[in-house]
Amino acid sequence: MKRSLGKIWQARKQILEGVSNTVFKKKFVEEVAEYRMEICNACDQKGDECLVPGTGPCCAACGCSLEFKVRSLSSPCGLIQKGKDPKWYPVLSQKEEDKLVNDLDDGSESQCSK
């Protein structure tokens, strides 16, 4: 359990990003999530072994809820945590994602489409 909490704490920004993007839907994020979920659905690592019970389906490689993981634009595929090549990569760096969120919070969404 202590190890799980450490992994969750280290990934807190990406987790919150995924949760936020699940609650506040954006067309681009949903397109990325749909593409990623197709890949995850075909992956042998898709399962119910989640770091947080009851949040499945999850990635068995990292333990993340796929609903949130695929919507975290700054997150790579969980295979990277097993030292394997990821099947998909981050779309934005964490810094870029933070700026996007701040821009949206400030009401300057039009800057994000440039």
# chains A, B, ... in the order shown; residues from 1 in each chain; ligands from 1

call {"tool": "residues_around", "arguments": {"residues": "region 49-63 of chain A", "least_positions_apart": "3", "cutoff": "7 Å", "atoms": "only C-alpha atoms", "output": "list of chain:residue names"}}
result
A:Ser4, A:Gln45, A:Lys46, A:Leu66, A:Gly78, A:Leu79, A:Gln81, A:Lys82

call {"tool": "write_last_selection", "arguments": {"atoms": "N, CA and C atoms", "output": "PDB file, in the first residue's frame"}}
result
ATOM      1  N   SER A   4       2.138   1.960  -3.413  1.00  0.00           N
ATOM      2  CA  SER A   4       1.075   2.503  -4.270  1.00  0.00           C
ATOM      3  C   SER A   4       0.872   3.985  -4.025  1.00  0.00           C
ATOM      4  N   GLN A  45      -1.973  -5.728 -21.602  1.00  0.00           N
ATOM      5  CA  GLN A  45      -1.812  -5.170 -20.262  1.00  0.00           C
ATOM      6  C   GLN A  45      -3.109  -4.571 -19.708  1.00  0.00           C
ATOM      7  N   LYS A  46      -4.166  -4.531 -20.523  1.00  0.00           N
ATOM      8  CA  LYS A  46      -5.446  -4.006 -20.047  1.00  0.00           C
ATOM      9  C   LYS A  46      -6.042  -5.019 -19.076  1.00  0.00           C
ATOM     10  N   LEU A  66      -7.621   3.569 -16.932  1.00  0.00           N
ATOM     11  CA  LEU A  66      -7.500   3.961 -18.342  1.00  0.00           C
ATOM     12  C   LEU A  66      -8.382   5.159 -18.678  1.00  0.00           C
ATOM     13  N   GLY A  78       1.646   3.263 -20.155  1.00  0.00           N
ATOM     14  CA  GLY A  78       2.191   2.687 -18.936  1.00  0.00           C
ATOM     15  C   GLY A  78       3.308   1.678 -19.133  1.00  0.00           C
ATOM     16  N   LEU A  79       3.473   1.156 -20.342  1.00  0.00           N
ATOM     17  CA  LEU A  79       4.549   0.184 -20.596  1.00  0.00           C
ATOM     18  C   LEU A  79       5.924   0.758 -20.296  1.00  0.00           C
ATOM     19  N   GLN A  81       6.866   2.212 -17.757  1.00  0.00           N
ATOM     20  CA  GLN A  81       7.221   1.905 -16.373  1.00  0.00           C
ATOM     21  C   GLN A  81       7.778   0.498 -16.214  1.00  0.00           C
ATOM     22  N   LYS A  82       7.570  -0.347 -17.213  1.00  0.00           N
ATOM     23  CA  LYS A  82       8.135  -1.691 -17.208  1.00  0.00           C
ATOM     24  C   LYS A  82       9.400  -1.767 -18.049  1.00  0.00           C
TER      25      LYS A  82
END

call {"tool": "select_by_dssp", "arguments": {"residues": "chain A", "states": "helix (DSSP H, G or I)", "output": "MDAnalysis selection string"}}
result
chainID A and resid 2:10 12:23 27:41 66:69 78:82 94:105 109:113

call {"tool": "write_last_selection", "arguments": {"atoms": "C-alpha atoms", "output": "mmCIF file, in the first residue's frame"}}
result
data_model
loop_
_atom_site.group_PDB
_atom_site.id
_atom_site.type_symbol
_atom_site.label_atom_id
_atom_site.label_comp_id
_atom_site.auth_asym_id
_atom_site.auth_seq_id
_atom_site.Cartn_x
_atom_site.Cartn_y
_atom_site.Cartn_z
ATOM 1 C CA LYS A 2 2.841 2.411 0.874
ATOM 2 C CA ARG A 3 4.408 1.782 -2.545
ATOM 3 C CA SER A 4 1.075 2.503 -4.270
ATOM 4 C CA LEU A 5 0.705 5.800 -2.438
ATOM 5 C CA GLY A 6 4.224 6.792 -3.529
ATOM 6 C CA LYS A 7 3.420 6.052 -7.189
ATOM 7 C CA ILE A 8 0.172 7.997 -6.924
ATOM 8 C CA TRP A 9 1.937 10.966 -5.309
ATOM 9 C CA GLN A 10 4.625 11.038 -8.007
ATOM 10 C CA ARG A 12 -0.440 13.387 -9.018
ATOM 11 C CA LYS A 13 -0.306 16.088 -11.712
ATOM 12 C CA GLN A 14 -0.988 13.626 -14.522
ATOM 13 C CA ILE A 15 -3.765 11.959 -12.503
ATOM 14 C CA LEU A 16 -5.446 15.294 -11.782
ATOM 15 C CA GLU A 17 -5.024 16.255 -15.434
ATOM 16 C CA GLY A 18 -6.779 13.051 -16.508
ATOM 17 C CA VAL A 19 -9.583 13.507 -13.973
ATOM 18 C CA SER A 20 -10.067 17.153 -14.980
ATOM 19 C CA ASN A 21 -10.107 16.266 -18.685
ATOM 20 C CA THR A 22 -12.683 13.546 -17.958
ATOM 21 C CA VAL A 23 -14.981 15.971 -16.138
ATOM 22 C CA LYS A 27 -12.915 17.902 -28.324
ATOM 23 C CA PHE A 28 -9.151 17.564 -28.870
ATOM 24 C CA VAL A 29 -8.640 15.656 -25.620
ATOM 25 C CA GLU A 30 -11.499 13.299 -26.468
ATOM 26 C CA GLU A 31 -9.997 12.615 -29.913
ATOM 27 C CA VAL A 32 -6.643 11.768 -28.314
ATOM 28 C CA ALA A 33 -8.375 9.638 -25.653
ATOM 29 C CA GLU A 34 -10.343 7.704 -28.271
ATOM 30 C CA TYR A 35 -7.172 6.970 -30.261
ATOM 31 C CA ARG A 36 -5.273 5.886 -27.142
ATOM 32 C CA MET A 37 -8.157 3.753 -25.841
ATOM 33 C CA GLU A 38 -8.256 1.809 -29.123
ATOM 34 C CA ILE A 39 -4.601 0.942 -28.557
ATOM 35 C CA CYS A 40 -5.208 0.054 -24.891
ATOM 36 C CA ASN A 41 -8.202 -2.142 -25.742
ATOM 37 C CA LEU A 66 -7.500 3.961 -18.342
ATOM 38 C CA GLU A 67 -10.379 6.440 -18.262
ATOM 39 C CA PHE A 68 -8.026 9.003 -16.722
ATOM 40 C CA LYS A 69 -4.717 7.814 -18.216
ATOM 41 C CA GLY A 78 2.191 2.687 -18.936
ATOM 42 C CA LEU A 79 4.549 0.184 -20.596
ATOM 43 C CA ILE A 80 7.317 2.724 -20.112
ATOM 44 C CA GLN A 81 7.221 1.905 -16.373
ATOM 45 C CA LYS A 82 8.135 -1.691 -17.208
ATOM 46 C CA GLN A 94 3.716 18.770 -18.138
ATOM 47 C CA LYS A 95 4.752 22.430 -18.462
ATOM 48 C CA GLU A 96 2.702 22.822 -21.675
ATOM 49 C CA GLU A 97 -0.270 21.089 -20.050
ATOM 50 C CA ASP A 98 -0.060 23.415 -17.037
ATOM 51 C CA LYS A 99 -0.030 26.427 -19.397
ATOM 52 C CA LEU A 100 -3.028 25.065 -21.305
ATOM 53 C CA VAL A 101 -4.985 24.637 -18.074
ATOM 54 C CA ASN A 102 -4.020 28.129 -16.902
ATOM 55 C CA ASP A 103 -5.009 29.637 -20.264
ATOM 56 C CA LEU A 104 -8.375 27.871 -20.129
ATOM 57 C CA ASP A 105 -8.901 29.003 -16.543
ATOM 58 C CA GLU A 109 -8.978 29.401 -24.848
ATOM 59 C CA SER A 110 -8.436 30.990 -28.264
ATOM 60 C CA GLN A 111 -4.657 31.049 -27.607
ATOM 61 C CA CYS A 112 -4.667 27.270 -27.377
ATOM 62 C CA SER A 113 -5.893 26.819 -30.933
#

call {"tool": "atom_distance", "arguments": {"atom1": "CA of Lys25 (chain A)", "atom2": "CA of Ala11 (chain A)"}}
result
21.1 Å

call {"tool": "atom_distance", "arguments": {"atom1": "CA of Ser75 (chain A)", "atom2": "CA of Pro90 (chain A)"}}
result
4.9 Å

call {"tool": "atom_distance", "arguments": {"atom1": "CA of Gly47 (chain A)", "atom2": "CA of Ser72 (chain A)"}}
result
18.8 Å

call {"tool": "select_by_dssp", "arguments": {"residues": "region 37-94 of chain A", "states": "strand (DSSP E or B)", "output": "count of residues only"}}
result
5

call {"tool": "closest_residue", "arguments": {"among": "A:Arg71, A:Pro86, A:Cys77, A:Ser93", "to": "Phe24 (chain A)", "atoms": "only C-alpha atoms"}}
result
A:Arg71
